[in-house]
Amino acid sequence: RSPGPIGAVLADPTVVAGVIADGVHVDPVAVRMAWQALGPARLNLVSDAVSALGMPHGRLHVGRLQIDLDGTGVRTTDGVLAGSSLALDQAVRNLIEWTGCTLAQAIATTTSIPADLLGLTDRGRLRVGSRADLVILDENASLHSTIIGGATAWHAN
């Protein structure tokens, strides 16, 4: 039988797969399988987050669309999945928990991997000459600070 799009991604060593590690769009077992098959160089964590990210649960508007936000994600009032409320720091924590990867490997899936895909040599890594736009996580991969252009834009209390 035809392996379909998943088989095509796994078979082509040049393909990097974007994965929404929220447990809704992609089941934790499927995330673990993707990690094992693709390895740290071919997996890119993405969020698919809509403007409801960080809002309290309930009925909200995203543009002109009325949505329901709860612990299972963002859905239309008809129950159709309409995006996510996944922050990337949570995606990093999920990837670590579900796969056993290291913090450094998980962070690379949101930094150097996408920068390389876009050909952006001045970001995605900490090195001289790179942009000073940083997200600082603590040892538990929880957000600590955000630095934009070398200046602290946000800091946890």
# chains A, B, ... in the order shown; residues from 1 in each chain; ligands from 1
>>> select_by_dssp(residues="segment 5-151 of chain A", states="strand (DSSP E or B)", output="JSON, numbers by chain")
{"A": [17, 18, 19, 43, 44, 45, 49, 58, 59, 60, 61, 62, 65, 66, 67, 68, 69, 70, 73, 74, 75, 76, 81, 84, 134, 135, 136, 137, 143, 144, 145, 146, 147, 148, 151]}
>>> residues_around(residues="Val74 of chain A", least_positions_apart="3", cutoff="9 Å", atoms="only C-alpha atoms", output="PyMOL selection string")
chain A and resi 49-50+52+67-71+79-85
>>> residues_around(residues="Arg131 of chain A", least_positions_apart="6", cutoff="8 Å", atoms="only C-alpha atoms", output="count of residues only")
3
>>> select_by_dssp(residues="segment 109-143 of chain A", states="alpha helix (DSSP H)", output="NGL selection string")
:A and (112-118)
>>> closest_residue(among="A:Arg127, A:Arg93, A:His25, A:Arg1", to="Arg75 of chain A", atoms="only C-alpha atoms")
A:His25
>>> closest_residue(among="A:Ala115, A:Leu53, A:Val62, A:Ala37", to="Pro13 of chain A", atoms="only C-alpha atoms")
A:Ala37
>>> closest_residue(among="A:Gly39, A:Glu139, A:Leu65, A:Ala132", to="Ala153 of chain A", atoms="only C-alpha atoms")
A:Ala132
